[in-house]
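*Asks:* Have a look at this one before I ask anything.
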Amino acid sequence: MALKFNLNAPCRSTATYGSSFAWCSSCQPPPLGYHRTPRGVSAMLAAMMLGGLALGLLAPTVLAFVKSKASKIFRKTTTTARREETNDPQAATSGGDAPAPAGEEYEVFLSFRGPDTRTGFTDCLYHDMLGAGIRVYRDDEELRVGREIGSELMRALDVSKIYVPIFSEDYASSSWCLREVAHMVDCTARSIGNKEILPVFYNVSPSDVKLRTELYRNAMTKHSKKFGAEEVKRWEDALVEVAELKGWDLKARGHGEAIKLIIREVLVKLKIKYKNVTNQLVGVDDHVEDIMKLLDVDCEGVRFVGIHGMGGVGKTTLAKVVFNQLCSHFDDCCFLGDVRESSEKEGLVNLQKQLYSDILDSRFVDNIHDIDDGINQIGTRFRNKKVLVVLDDVDKGEQLEKLAGARDWFGSGSRIIITTRNEITLKVLDEILIYELKELDYDQALKLFCIHAFRKDSPPYQYDTPASEIVVTTGGLPLALEVIGSFLYRQPEEIWKETVERLARIPHKDV
């Protein structure tokens, strides 16, 4: 049973479905939206070429423009690269893991006292971070020689965005650990908010690290004789400063739960799961609010929400904005983009593997050999997890059945968002909430076009007429407005005139 909502409608339909209701479609104002995806640009170009814009001088220029822009605008940053632990003897003698490959920097620096946590908590945290796609440097101070911070360690400290010192009973007895903490504080202070320290208290309390007990004070007294009062004072100040920060006290929770919380916090701060969205959004906020109401993340149970609308209207962008705002509220999350295209080129099994890898661990995707294996693995392994999943650009019911076939596949609190051009595709699922995304109204369409054509919200007076004609011709499709507006930016008047004339000869559906 599909429940259809129009949250903007002022009246309620008398048609009821069980205990739910449908909103009156006759009262629905035109929704607003915006969309930017590589897939959408390809579709737009195809429509323009079929419709006639490929003829003459305009099409080659548009094509060249989009090709050049697409390589810049839509380049995907690889944020889920995984590094495997190395057995290289040089890595051991350097005191940490092997250097990150060229072009790949560390994101998280783990500092710990080897005998206290190396083979236990730290090892589990390190490998779980790798499994989550986090590029992590694990330092082992016991393997270091000398009294200066080495170049590899210094580089790892300097480039890492998040520092995780694991304070344990014997941590302060290591001068290396204390040097690292002091350097973390220095780097964080210089970063102007771009770096952060997340302390972990392993069998110690924050008061121990603040030197309020003898546990760390005794160690500092011994260091004073060897390293001098001035250096030790720098270490003490760093310990006190870090101990004041919000962290995790492992005395209060199990190690498994703590590791899960730490990784979730790190992922949120690194924004590894975030999807790239342009800053030039027009009219999206109202739709985001509507989708949030349908998702109602504070409610128990599993909920499916489908967003449908014509190509280029902004479905993917809306889903990305919602995903970015909500992903930190879930145990795990996955955004499967371009499901239609990916299933055609690579097959549904690869999509199942990607979903499984994002939610659980890429190291176990070999358990999926065919579609049935994928259904069994997803249906059994996800049912105890609160997840957020987005299936973008679905065009067949089979895709939904194989990727998110039933509510009992997912744990309580899970939310599944589907975007599609065809509303009927959504009805293979029971009890799905459906949201229709329509074209922009005239005022917001004009604003979006002007942002790209003039780099401001309204047209210069001499361009009032052609800008208005283009907005009317495109019918409020955000993608068309963006592509055409960007093409016309700083173009001479004759190109504007030719563009208006050619657009006028193209049926609205082809634009």
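Identifiers for the structure tokens are assigned positionally: chains receive A, B, ... in sequence, residues are indexed from 1 per chain, and ligands are indexed from 1 in the order shown.
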Among region 265-368 of chain A, which ones does DSSP assign to helix (DSSP H, G or I) (computed from the backbone)? Answer as a PyMOL selection string.
*Replies:* chain A and resi 265-270+285-295+315-329+339-345+348-359+362-367
*Asks:* Would you mind listing what lies within 12 Å of Glu398 (chain A) as a list of chain:residue names, with only C-alpha atoms counted and same-chain residues fewer than 2 positions away left out?
*Replies:* A:Val339, A:Arg340, A:Ser343, A:Gly347, A:Leu348, A:Ile371, A:Ile375, A:Val394, A:Asp395, A:Lys396, A:Leu400, A:Glu401, A:Lys402, A:Leu403, A:Ala404, A:Gly405, A:Thr425, A:Leu426, A:Lys427, A:Val428, A:Leu429
*Asks:* Please identify every residue of region 213-328 of chain A that has at least one atom no farther than 12 Å from an atom of region 174-187 of chain A, counting only C-alpha atoms, and for each give the shortest atom pair and the distance in Å to one decimal, arranged by chain then increasing number, as CSV.
*Replies:*
```
residue,atom,partner,partner_atom,distance
A:Tyr216,CA,A:Ser174,CA,10.7
A:Ala219,CA,A:Ser174,CA,8.6
A:Met220,CA,A:Ser175,CA,9.3
A:Lys222,CA,A:Ser175,CA,10.4
A:His223,CA,A:Ser175,CA,7.5
A:Ser224,CA,A:Ser175,CA,10.7
A:Lys226,CA,A:Ser175,CA,10.0
A:Phe227,CA,A:Ser175,CA,9.0
A:Glu231,CA,A:Arg179,CA,9.3
A:Val232,CA,A:Leu178,CA,8.7
A:Lys233,CA,A:Ala182,CA,10.2
A:Arg234,CA,A:Ala182,CA,6.9
A:Trp235,CA,A:Ala182,CA,5.6
A:Glu236,CA,A:Leu178,CA,8.4
A:Asp237,CA,A:Ala182,CA,8.1
A:Ala238,CA,A:Ala182,CA,5.2
A:Leu239,CA,A:Val181,CA,7.0
A:Val240,CA,A:Val181,CA,10.4
A:Glu241,CA,A:Val185,CA,8.0
A:Val242,CA,A:Val185,CA,7.6
A:Ala243,CA,A:Val181,CA,10.7
A:Leu245,CA,A:Val185,CA,11.4
```
*Asks:* Those same residues - N, CA and C atoms - I'd like them written as a short mmCIF file (atom, residue, chain, number, x, y, z; two decimals), in the first residue's frame.
*Replies:*
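Saved to again.cif:
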```
data_model
loop_
_atom_site.label_atom_id
_atom_site.label_comp_id
_atom_site.auth_asym_id
_atom_site.auth_seq_id
_atom_site.Cartn_x
_atom_site.Cartn_y
_atom_site.Cartn_z
N TYR A 216 49.86 9.86 37.29
CA TYR A 216 50.67 10.52 36.27
C TYR A 216 51.70 11.48 36.89
N ALA A 219 55.12 9.88 37.41
CA ALA A 219 55.86 9.73 36.16
C ALA A 219 56.49 11.04 35.74
N MET A 220 55.78 12.15 35.92
CA MET A 220 56.30 13.44 35.52
C MET A 220 57.50 13.84 36.39
N LYS A 222 59.73 11.84 37.59
CA LYS A 222 60.88 11.10 37.07
C LYS A 222 61.40 11.73 35.77
N HIS A 223 60.48 12.20 34.92
CA HIS A 223 60.88 12.80 33.65
C HIS A 223 61.64 14.11 33.88
N SER A 224 61.31 14.83 34.95
CA SER A 224 61.95 16.12 35.22
C SER A 224 63.46 15.98 35.38
N LYS A 226 65.38 13.88 33.94
CA LYS A 226 66.05 13.52 32.69
C LYS A 226 65.89 14.58 31.60
N PHE A 227 64.72 15.20 31.54
CA PHE A 227 64.41 16.10 30.43
C PHE A 227 64.33 17.57 30.84
N GLU A 231 60.73 21.39 29.78
CA GLU A 231 60.11 20.45 28.83
C GLU A 231 58.96 19.70 29.49
N VAL A 232 59.17 19.26 30.71
CA VAL A 232 58.13 18.51 31.42
C VAL A 232 56.92 19.40 31.68
N LYS A 233 57.14 20.68 31.96
CA LYS A 233 56.01 21.59 32.15
C LYS A 233 55.18 21.69 30.87
N ARG A 234 55.82 21.67 29.72
CA ARG A 234 55.09 21.69 28.44
C ARG A 234 54.23 20.44 28.29
N TRP A 235 54.77 19.31 28.69
CA TRP A 235 54.01 18.06 28.62
C TRP A 235 52.82 18.09 29.59
N GLU A 236 53.07 18.58 30.79
CA GLU A 236 52.00 18.64 31.79
C GLU A 236 50.86 19.54 31.33
N ASP A 237 51.20 20.67 30.77
CA ASP A 237 50.17 21.59 30.27
C ASP A 237 49.34 20.92 29.17
N ALA A 238 50.03 20.16 28.32
CA ALA A 238 49.32 19.48 27.22
C ALA A 238 48.38 18.42 27.78
N LEU A 239 48.82 17.66 28.76
CA LEU A 239 47.97 16.63 29.35
C LEU A 239 46.71 17.24 29.96
N VAL A 240 46.90 18.30 30.72
CA VAL A 240 45.75 18.95 31.37
C VAL A 240 44.78 19.49 30.33
N GLU A 241 45.31 20.10 29.27
CA GLU A 241 44.45 20.67 28.24
C GLU A 241 43.64 19.59 27.52
N VAL A 242 44.27 18.48 27.18
CA VAL A 242 43.58 17.41 26.46
C VAL A 242 42.56 16.72 27.35
N ALA A 243 42.90 16.56 28.64
CA ALA A 243 41.99 15.89 29.57
C ALA A 243 40.70 16.67 29.79
N LEU A 245 39.03 17.96 27.38
CA LEU A 245 38.21 17.78 26.18
C LEU A 245 37.23 16.62 26.36
#
```
*Asks:* So that I can see what lies close to region 314-324 of chain A, please list as a ChimeraX atom specification the residues with an atom at most 8 Å from it, counting only C-alpha atoms and leaving out residues fewer than 3 positions away in the same chain.
*Replies:* /A:33-37,273-277,284,287-288,291-292,307-309,311,327,335,388,390,392-393,417,419-420,437,478-479
*Asks:* Print the selection's residues with N, CA, C and O atoms to a file, as a short mmCIF file (atom, residue, chain, number, x, y, z; two decimals), in the first residue's frame.
*Replies:*
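Writing the result to part.cif gives the following:
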```
data_model
loop_
_atom_site.label_atom_id
_atom_site.label_comp_id
_atom_site.auth_asym_id
_atom_site.auth_seq_id
_atom_site.Cartn_x
_atom_site.Cartn_y
_atom_site.Cartn_z
N GLY A 33 13.04 22.95 -6.33
CA GLY A 33 14.12 21.97 -6.28
C GLY A 33 15.31 22.40 -7.08
O GLY A 33 15.28 23.35 -7.82
N TYR A 34 16.32 21.64 -6.97
CA TYR A 34 17.56 21.90 -7.70
C TYR A 34 18.33 20.61 -7.81
O TYR A 34 18.28 19.80 -6.92
N HIS A 35 19.02 20.43 -8.90
CA HIS A 35 19.65 19.14 -9.15
C HIS A 35 20.96 19.32 -9.89
O HIS A 35 21.04 20.10 -10.82
N ARG A 36 21.97 18.64 -9.47
CA ARG A 36 23.23 18.67 -10.21
C ARG A 36 23.90 17.31 -10.07
O ARG A 36 24.35 16.95 -9.00
N THR A 37 23.94 16.54 -11.10
CA THR A 37 24.67 15.27 -11.11
C THR A 37 25.27 15.06 -12.47
O THR A 37 24.75 15.54 -13.46
N LYS A 273 31.42 10.15 4.79
CA LYS A 273 30.20 9.66 4.15
C LYS A 273 29.43 10.77 3.44
O LYS A 273 28.46 10.49 2.73
N TYR A 274 29.83 12.02 3.62
CA TYR A 274 29.06 13.12 3.06
C TYR A 274 29.11 13.11 1.54
O TYR A 274 30.11 12.75 0.93
N LYS A 275 28.01 13.52 0.94
CA LYS A 275 27.93 13.61 -0.52
C LYS A 275 28.14 15.07 -0.94
O LYS A 275 27.68 15.99 -0.29
N ASN A 276 28.84 15.24 -2.03
CA ASN A 276 29.12 16.59 -2.52
C ASN A 276 27.84 17.24 -3.05
O ASN A 276 27.15 16.66 -3.89
N VAL A 277 27.58 18.42 -2.56
CA VAL A 277 26.41 19.19 -3.00
C VAL A 277 26.85 20.63 -3.24
O VAL A 277 27.58 21.20 -2.43
N VAL A 284 15.49 24.46 -2.03
CA VAL A 284 15.58 23.09 -1.53
C VAL A 284 15.08 22.96 -0.09
O VAL A 284 14.57 21.92 0.31
N HIS A 287 11.63 21.46 0.68
CA HIS A 287 11.53 20.03 0.39
C HIS A 287 12.27 19.20 1.43
O HIS A 287 11.81 18.13 1.81
N VAL A 288 13.41 19.69 1.88
CA VAL A 288 14.14 18.98 2.93
C VAL A 288 13.27 18.86 4.18
O VAL A 288 13.19 17.79 4.80
N ILE A 291 10.64 16.15 3.62
CA ILE A 291 11.18 14.80 3.68
C ILE A 291 11.52 14.42 5.11
O ILE A 291 11.30 13.28 5.55
N MET A 292 12.03 15.37 5.87
CA MET A 292 12.34 15.10 7.28
C MET A 292 11.09 14.71 8.06
O MET A 292 11.12 13.83 8.93
N ILE A 307 10.96 9.36 -3.43
CA ILE A 307 10.89 10.67 -4.06
C ILE A 307 10.84 10.47 -5.57
O ILE A 307 11.76 9.87 -6.14
N HIS A 308 9.78 10.94 -6.23
CA HIS A 308 9.69 10.76 -7.67
C HIS A 308 9.47 12.11 -8.35
O HIS A 308 8.94 13.06 -7.77
N GLY A 309 9.86 12.17 -9.61
CA GLY A 309 9.73 13.40 -10.39
C GLY A 309 10.50 13.23 -11.69
O GLY A 309 11.29 12.30 -11.85
N GLY A 311 13.16 13.77 -14.85
CA GLY A 311 14.60 13.90 -14.85
C GLY A 311 15.05 15.35 -14.80
O GLY A 311 14.49 16.21 -15.47
N CYS A 327 23.04 11.42 8.36
CA CYS A 327 23.88 10.21 8.44
C CYS A 327 24.49 10.02 9.82
O CYS A 327 24.73 8.88 10.24
N PHE A 335 24.95 5.55 0.48
CA PHE A 335 24.29 6.25 -0.61
C PHE A 335 24.67 5.54 -1.90
O PHE A 335 25.80 5.65 -2.38
N LEU A 388 20.84 4.11 7.50
CA LEU A 388 20.25 5.04 6.55
C LEU A 388 20.76 4.64 5.17
O LEU A 388 21.97 4.62 4.94
N VAL A 390 20.23 5.25 0.90
CA VAL A 390 19.63 5.96 -0.22
C VAL A 390 19.88 5.16 -1.49
O VAL A 390 21.03 4.82 -1.80
N ASP A 392 19.46 5.72 -5.25
CA ASP A 392 19.24 6.86 -6.15
C ASP A 392 19.04 6.41 -7.59
O ASP A 392 19.78 5.58 -8.10
N ASP A 393 18.03 6.99 -8.24
CA ASP A 393 17.72 6.74 -9.65
C ASP A 393 17.40 5.27 -9.91
O ASP A 393 18.00 4.61 -10.76
N ILE A 417 15.59 5.67 1.66
CA ILE A 417 15.12 6.70 0.73
C ILE A 417 15.37 6.23 -0.69
O ILE A 417 16.47 5.79 -1.02
N THR A 419 14.91 7.34 -4.86
CA THR A 419 14.56 8.34 -5.86
C THR A 419 14.33 7.65 -7.20
O THR A 419 15.04 6.71 -7.54
N THR A 420 13.33 8.10 -7.93
CA THR A 420 12.99 7.49 -9.21
C THR A 420 12.20 8.48 -10.05
O THR A 420 11.58 9.40 -9.53
N LEU A 437 8.28 15.49 -6.40
CA LEU A 437 9.07 16.71 -6.56
C LEU A 437 8.80 17.29 -7.94
O LEU A 437 9.02 16.64 -8.96
N PRO A 478 15.59 22.62 -13.07
CA PRO A 478 16.83 23.16 -12.52
C PRO A 478 18.07 22.79 -13.33
O PRO A 478 18.95 23.63 -13.54
N LEU A 479 18.16 21.55 -13.77
CA LEU A 479 19.35 21.12 -14.50
C LEU A 479 19.51 21.88 -15.81
O LEU A 479 20.61 22.33 -16.17
#
```
